[in-house]
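Trainee: Sharing protein.cif here; it has mmCIF, C-alpha atoms and all ligand atoms.
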data_structure
loop_
_atom_site.label_atom_id
_atom_site.label_comp_id
_atom_site.auth_asym_id
_atom_site.auth_seq_id
_atom_site.Cartn_x
_atom_site.Cartn_y
_atom_site.Cartn_z
CA MET A 27 103.58 -31.21 -5.46
CA THR A 28 104.16 -31.63 -1.72
CA GLU A 29 103.17 -29.04 0.87
CA ALA A 30 106.12 -27.84 2.99
CA PRO A 31 106.15 -25.43 5.94
CA ASN A 32 107.50 -22.72 3.63
CA GLY A 33 104.94 -23.29 0.89
CA PRO A 34 104.26 -25.70 -1.95
CA ARG A 35 107.31 -27.44 -3.41
CA ASP A 36 107.55 -29.08 -6.78
CA VAL A 37 109.46 -32.23 -5.80
CA THR A 38 108.94 -35.58 -7.55
CA VAL A 39 110.31 -38.80 -6.08
CA ILE A 40 110.41 -41.22 -9.00
CA GLN A 41 108.84 -44.41 -7.70
CA HIS A 42 109.05 -46.55 -10.82
CA PRO A 43 110.02 -50.10 -9.73
CA LEU A 44 112.90 -50.31 -12.22
CA VAL A 45 114.32 -47.03 -10.92
CA GLN A 46 114.05 -48.15 -7.30
CA HIS A 47 115.60 -51.54 -8.09
CA LYS A 48 118.56 -50.03 -9.94
CA LEU A 49 119.08 -47.48 -7.17
CA THR A 50 119.31 -50.27 -4.60
CA LEU A 51 122.00 -51.97 -6.72
CA MET A 52 123.90 -48.67 -6.97
CA ARG A 53 123.80 -48.16 -3.21
CA GLN A 54 125.47 -51.52 -2.48
CA LYS A 55 129.14 -51.17 -1.69
CA ALA A 56 129.94 -54.42 -3.52
CA THR A 57 128.75 -52.95 -6.84
CA SER A 58 131.78 -52.52 -9.11
CA THR A 59 132.73 -49.29 -10.91
CA GLY A 60 131.71 -50.70 -14.28
CA GLU A 61 128.36 -51.91 -12.98
CA PHE A 62 127.73 -48.62 -11.15
CA ARG A 63 128.40 -46.65 -14.35
CA ARG A 64 126.12 -48.91 -16.38
CA LEU A 65 123.35 -48.56 -13.78
CA ALA A 66 123.77 -44.77 -13.74
CA ARG A 67 123.26 -44.74 -17.50
CA GLU A 68 120.18 -46.95 -17.29
CA ILE A 69 118.59 -45.10 -14.39
CA SER A 70 119.19 -41.71 -16.00
CA LEU A 71 117.37 -42.86 -19.13
CA LEU A 72 114.39 -43.80 -16.97
CA MET A 73 114.64 -40.48 -15.13
CA ALA A 74 114.61 -38.61 -18.44
CA TYR A 75 111.35 -40.38 -19.25
CA GLU A 76 109.81 -38.83 -16.11
CA LEU A 77 111.47 -35.46 -16.59
CA THR A 78 110.04 -35.11 -20.08
CA ARG A 79 106.59 -36.54 -19.34
CA ASP A 80 104.79 -33.20 -19.88
CA LEU A 81 106.64 -31.91 -22.95
CA PRO A 82 104.10 -30.26 -25.27
CA LEU A 83 103.06 -31.98 -28.49
CA GLU A 84 101.61 -30.60 -31.69
CA MET A 85 99.99 -32.33 -34.63
CA THR A 86 101.71 -32.65 -37.97
CA GLY A 87 100.68 -34.18 -41.26
CA ILE A 88 102.57 -37.37 -42.23
CA GLU A 89 102.03 -40.22 -44.64
CA THR A 90 102.08 -43.83 -43.49
CA PRO A 91 102.58 -46.47 -46.22
CA LEU A 92 98.77 -46.70 -46.32
CA GLU A 93 97.38 -43.16 -45.95
CA PRO A 94 97.99 -39.59 -44.74
CA MET A 95 97.31 -38.84 -41.08
CA GLN A 96 97.75 -36.18 -38.41
CA ALA A 97 100.27 -37.42 -35.81
CA PRO A 98 101.83 -35.89 -32.65
CA ILE A 99 105.39 -34.57 -32.56
CA LEU A 100 107.25 -32.57 -29.92
CA SER A 101 106.62 -28.86 -30.20
CA GLY A 102 108.18 -25.79 -28.70
CA LYS A 103 111.31 -25.78 -26.61
CA LYS A 104 114.12 -28.20 -27.26
CA LEU A 105 116.24 -29.66 -24.48
CA CYS A 106 119.58 -28.77 -22.97
CA ILE A 107 121.13 -31.01 -20.33
CA VAL A 108 123.60 -29.28 -18.02
CA SER A 109 125.95 -31.44 -16.00
CA ILE A 110 127.38 -30.16 -12.73
CA LEU A 111 130.97 -31.46 -12.91
CA ARG A 112 132.14 -34.03 -12.43
CA ALA A 113 129.57 -36.54 -11.23
CA GLY A 114 126.77 -34.97 -13.29
CA ASP A 115 128.33 -36.49 -16.41
CA GLY A 116 127.43 -39.95 -15.12
CA LEU A 117 123.73 -39.04 -15.11
CA MET A 118 123.79 -37.51 -18.57
CA GLU A 119 124.60 -40.43 -20.85
CA GLY A 120 121.28 -42.22 -20.38
CA MET A 121 119.37 -38.99 -20.91
CA LEU A 122 121.24 -38.45 -24.17
CA ASP A 123 120.42 -42.02 -25.22
CA LEU A 124 116.75 -41.05 -24.92
CA VAL A 125 117.03 -37.52 -26.36
CA PRO A 126 120.05 -37.69 -28.70
CA SER A 127 119.47 -34.22 -30.15
CA ALA A 128 119.64 -32.47 -26.76
CA ARG A 129 122.35 -29.86 -26.38
CA VAL A 130 124.82 -30.26 -23.51
CA GLY A 131 126.26 -27.71 -21.11
CA HIS A 132 128.73 -28.06 -18.24
CA ILE A 133 129.23 -26.08 -15.08
CA GLY A 134 132.06 -26.59 -12.62
CA LEU A 135 131.93 -25.26 -9.07
CA TYR A 136 134.21 -25.72 -6.08
CA ARG A 137 133.63 -24.74 -2.50
CA ASP A 138 135.94 -22.02 -1.20
CA PRO A 139 137.52 -23.70 1.85
CA GLU A 140 137.32 -20.50 3.92
CA THR A 141 133.99 -18.96 2.98
CA LEU A 142 132.37 -22.30 1.96
CA VAL A 143 130.74 -20.33 -0.88
CA PRO A 144 130.57 -22.18 -4.26
CA VAL A 145 132.96 -20.63 -6.80
CA GLU A 146 132.54 -21.19 -10.55
CA TYR A 147 135.64 -22.51 -12.37
CA TYR A 148 134.03 -23.63 -15.65
CA LEU A 149 130.94 -22.77 -17.67
CA LYS A 150 130.08 -23.77 -21.23
CA LEU A 151 126.50 -23.51 -22.46
CA PRO A 152 124.79 -23.49 -25.85
CA ASP A 153 124.12 -19.95 -27.14
CA ASP A 154 120.38 -20.52 -27.26
CA VAL A 155 120.02 -21.75 -23.67
CA SER A 156 117.20 -19.23 -23.10
CA GLU A 157 115.08 -21.03 -25.71
CA ARG A 158 115.55 -24.50 -24.24
CA LEU A 159 114.15 -26.53 -21.38
CA VAL A 160 117.26 -26.96 -19.24
CA ILE A 161 117.67 -30.12 -17.16
CA VAL A 162 120.44 -29.71 -14.60
CA VAL A 163 121.91 -33.00 -13.41
CA ASP A 164 123.97 -33.88 -10.35
CA PRO A 165 123.65 -37.33 -8.74
CA MET A 166 123.77 -36.13 -5.12
CA LEU A 167 121.74 -33.20 -3.76
CA ALA A 168 123.55 -32.92 -0.42
CA THR A 169 123.78 -29.43 1.13
CA GLY A 170 122.10 -28.01 -1.97
CA HIS A 171 124.52 -25.07 -2.14
CA SER A 172 126.22 -26.10 -5.40
CA ALA A 173 122.90 -26.92 -7.05
CA ALA A 174 121.37 -23.60 -5.96
CA ALA A 175 124.45 -21.71 -7.18
CA ALA A 176 124.43 -23.57 -10.51
CA LEU A 177 120.74 -22.79 -11.04
CA ALA A 178 121.33 -19.10 -10.20
CA ARG A 179 124.22 -18.96 -12.68
CA LEU A 180 122.13 -20.59 -15.40
CA LYS A 181 119.31 -18.09 -14.84
CA GLN A 182 121.89 -15.31 -15.07
CA ALA A 183 123.02 -16.81 -18.41
CA GLY A 184 119.44 -16.59 -19.67
CA ALA A 185 117.88 -19.97 -18.86
CA GLU A 186 114.20 -19.49 -18.16
CA GLN A 187 112.80 -22.98 -17.83
CA LEU A 188 114.81 -25.26 -15.57
CA ARG A 189 114.45 -28.66 -13.92
CA PHE A 190 116.87 -30.29 -11.48
CA ALA A 191 117.51 -34.05 -11.46
CA CYS A 192 119.45 -36.09 -8.91
CA LEU A 193 119.65 -39.72 -7.83
CA LEU A 194 119.56 -39.02 -4.11
CA ALA A 195 118.67 -36.00 -2.04
CA ALA A 196 119.14 -35.04 1.59
CA PRO A 197 116.17 -33.24 3.15
CA GLN A 198 118.32 -30.11 3.65
CA GLY A 199 119.37 -30.09 0.01
CA VAL A 200 115.77 -30.20 -1.13
CA ASP A 201 114.94 -27.32 1.25
CA VAL A 202 117.84 -25.19 0.02
CA VAL A 203 117.12 -25.68 -3.69
CA THR A 204 113.34 -25.32 -3.48
CA GLY A 205 113.74 -22.35 -1.12
CA ALA A 206 116.13 -20.51 -3.45
CA HIS A 207 114.43 -21.64 -6.68
CA PRO A 208 110.74 -22.37 -6.09
CA ASP A 209 110.21 -22.18 -9.86
CA VAL A 210 112.51 -25.18 -10.51
CA PRO A 211 110.92 -28.64 -10.23
CA VAL A 212 113.18 -31.16 -8.50
CA PHE A 213 113.23 -34.83 -9.52
CA THR A 214 114.95 -37.45 -7.39
CA CYS A 215 114.84 -41.21 -6.89
CA SER A 216 114.96 -40.94 -3.08
CA ILE A 217 115.04 -38.42 -0.27
CA ASP A 218 117.35 -40.10 2.22
CA ARG A 219 117.42 -39.74 6.00
CA GLU A 220 120.08 -37.07 6.60
CA LEU A 221 123.43 -35.45 5.88
CA ASP A 222 126.31 -36.48 8.11
CA GLU A 223 128.98 -34.15 9.50
CA HIS A 224 131.06 -34.58 6.31
CA ALA A 225 128.07 -33.61 4.14
CA TYR A 226 127.58 -37.20 2.95
CA ILE A 227 124.03 -38.35 2.37
CA ARG A 228 123.00 -41.20 4.74
CA PRO A 229 122.38 -44.02 4.03
CA GLY A 230 123.34 -42.79 0.55
CA LEU A 231 125.66 -44.51 -1.87
CA GLY A 232 129.02 -42.95 -0.97
CA ASP A 233 130.91 -40.55 -3.22
CA ALA A 234 129.13 -40.64 -6.57
CA GLY A 235 132.13 -39.29 -8.52
CA ASP A 236 134.52 -41.84 -7.03
CA ARG A 237 132.08 -44.67 -7.63
CA LEU A 238 131.48 -43.59 -11.24
CA TYR A 239 135.13 -43.14 -12.12
CA GLY A 240 136.88 -45.58 -9.75
CA THR A 241 139.00 -42.83 -8.21
CA LYS A 242 138.98 -44.32 -4.71
N1 LIG B 301 128.39 -36.07 -2.83
C1 LIG B 301 128.53 -37.41 -2.94
O1 LIG B 301 129.12 -37.89 -3.89
N2 LIG B 301 127.99 -38.20 -1.99
C2 LIG B 301 127.31 -37.71 -0.94
O2 LIG B 301 126.81 -38.48 -0.12
C3 LIG B 301 127.16 -36.31 -0.83
C4 LIG B 301 127.72 -35.51 -1.78
#
Let me see whether you can do it: turn the structure in this file into structure tokens.
Ligand code: URA

Mentor:
Amino acid sequence: MTEAPNGPRDVTVIQHPLVQHKLTLMRQKATSTGEFRRLAREISLLMAYELTRDLPLEMTGIETPLEPMQAPILSGKKLCIVSILRAGDGLMEGMLDLVPSARVGHIGLYRDPETLVPVEYYLKLPDDVSERLVIVVDPMLATGHSAAAALARLKQAGAEQLRFACLLAAPQGVDVVTGAHPDVPVFTCSIDRELDEHAYIRPGLGDAGDRLYGTK
């Protein structure tokens, strides 16, 4: 937890050396599309490790080849990963490598060019989203408006326990999301210096969707 002017915020900057190293490679403009995608998969697996660090365990009886024992297994809520289209998909694969049984949801939002308000164009969630720990993924937390709108929509759909994961955040984005959703822990690999006038994170890594899919 960090203390902010508007109260305590649950924001974790993942400092693991492998995460920081891979993020540096992703930031470099010379990194190819294929390499960027592979790094996104690897870093998201490591992020999932942090995001799930406090999942509750319960004891169960098992038999090893030598004797019976009580051993820990995951208890309680199962996971749902929700990708904010389209770049969120690039942060999901590694998480699914680590938690293959997780359910997957998608939400698509675009910004109305006149009102600048996020408008939903796609939503598909598992029926039992209210019973799951929901990890919402989007590589770039820039203005924070799409993330805040996505979290509000997921709460409206019944999600009760949510976490938000991104590669990079701008300070404003963190303020917007934690201000609108103080109950949602935010996980990021870096809080960068600022947003520029085009709402790009600086120094950043460019357009995450274009870099993932080679569309520019
Ligand atoms: N989305 C991106 O892909 N990059 C940014 O820097 C900000 C938003």

Trainee: Leaving out segment 173-184 of chain A and any residue of its chain fewer than 4 positions from it, which residues lie within 7 Å of it when counting only C-alpha atoms, given as a PyMOL selection string?

Mentor: chain A and resi 144+155-156+203+206

Trainee: Please, which residues have at least one atom within 8 Å of an atom of ligand LIG 301 (chain B), using all atoms listed in the file, listed as a PyMOL selection string?

Mentor: chain A and resi 113+165-169+221+225-228+230-236

Trainee: Interatomic distance between atom CA of Ile161 of chain A and atom CA of Leu188 of chain A?

Mentor: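 Going from atom CA of Ile161 of chain A over to atom CA of Leu188 of chain A, I get 5.9 Å.
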
Trainee: Which residues, written as a PDB file with C-alpha atoms, in the frame of the given file, have at least one atom at most 8 Å from Gln187 of chain A, with all atoms listed in the file counted and residues fewer than 6 positions away on the same chain left out?

Mentor:
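File selection_39.pdb, as written:
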ATOM      1  CA  SER A 156     117.200 -19.230 -23.100  1.00  0.00           C
ATOM      2  CA  ARG A 158     115.550 -24.500 -24.240  1.00  0.00           C
ATOM      3  CA  LEU A 159     114.150 -26.530 -21.380  1.00  0.00           C
ATOM      4  CA  VAL A 160     117.260 -26.960 -19.240  1.00  0.00           C
ATOM      5  CA  VAL A 210     112.510 -25.180 -10.510  1.00  0.00           C
TER       6      VAL A 210
END

Trainee: Rounded to one decimal in Å, what is the spacing between atom CA of Cys215 of chain A and atom CA of Leu83 of chain A?

Mentor: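 Rounded to one decimal, the two atoms are 26.3 Å apart.
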
Trainee: Using only C-alpha atoms for the distances, tell me which of A:Asp218, A:Asp201, A:Gln54, A:Arg63 is nearest to Gly114 of chain A.

Mentor: A:Arg63

Trainee: Of the candidates A:Leu117, A:Ala97, A:Leu72, A:Val37, which shows the shortest atom-to-atom distance to Ala195 of chain A, using all atoms listed in the file?

Mentor: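 When distances to Ala195 of chain A are compared using all atoms listed in the file, the smallest one comes from A:Val37.
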
Trainee: Counting all atoms listed in the file, I want the residues whose atoms come within 9 Å of (126.0, -28.2, -19.8) in the file frame, returned as a count of residues only.

Mentor: 18

Trainee: Can you list, as a compact mmCIF listing (two decimals) with C-alpha atoms, in the coordinates of the input, every protein, DNA or RNA residue that comes within 10 Å of Ser127 of chain A when you count only C-alpha atoms, leaving out same-chain residues fewer than 3 positions away?

Mentor:
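File written: result_2.txt
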# COMPACT_ATOMS: atom_id res chain seq x y z
CA LYS A 104 114.12 -28.20 -27.26
CA LEU A 105 116.24 -29.66 -24.48
CA CYS A 106 119.58 -28.77 -22.97
CA LEU A 122 121.24 -38.45 -24.17
CA ASP A 123 120.42 -42.02 -25.22
CA LEU A 124 116.75 -41.05 -24.92
CA VAL A 130 124.82 -30.26 -23.51

Trainee: Nearest to Arg67 of chain A: which of A:Gly120, A:Pro197, A:Gly134, A:Pro43 is it, counting all atoms listed in the file?

Mentor: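 Between A:Gly120, A:Pro197, A:Gly134, A:Pro43, the residue approaching Arg67 of chain A most closely is A:Gly120.
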
Trainee: Between A:Glu93, A:Asp115, A:Glu186, A:Glu223, which one has atoms that come closest to His207 of chain A, using all atoms listed in the file?

Mentor: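 Residue with the minimum atom-to-atom distance to His207 of chain A: A:Glu186.
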
Trainee: In Å to one decimal, how far is atom CA of Gly116 of chain A from atom CA of Tyr148 of chain A?

Mentor: 17.6 Å

Trainee: Using the file's own x, y and z axes, so that the box edges lie along x, y and z, what centre and edge lengths in Å (one decimal) does a box around every listed atom of segment 202-208 of chain A get when 5 Å is added on each side? Give it as AutoDock Vina command-line options.

Mentor:
--center_x 114.3 --center_y -23.1 --center_z -3.3 --size_x 17.1 --size_y 15.2 --size_z 16.7
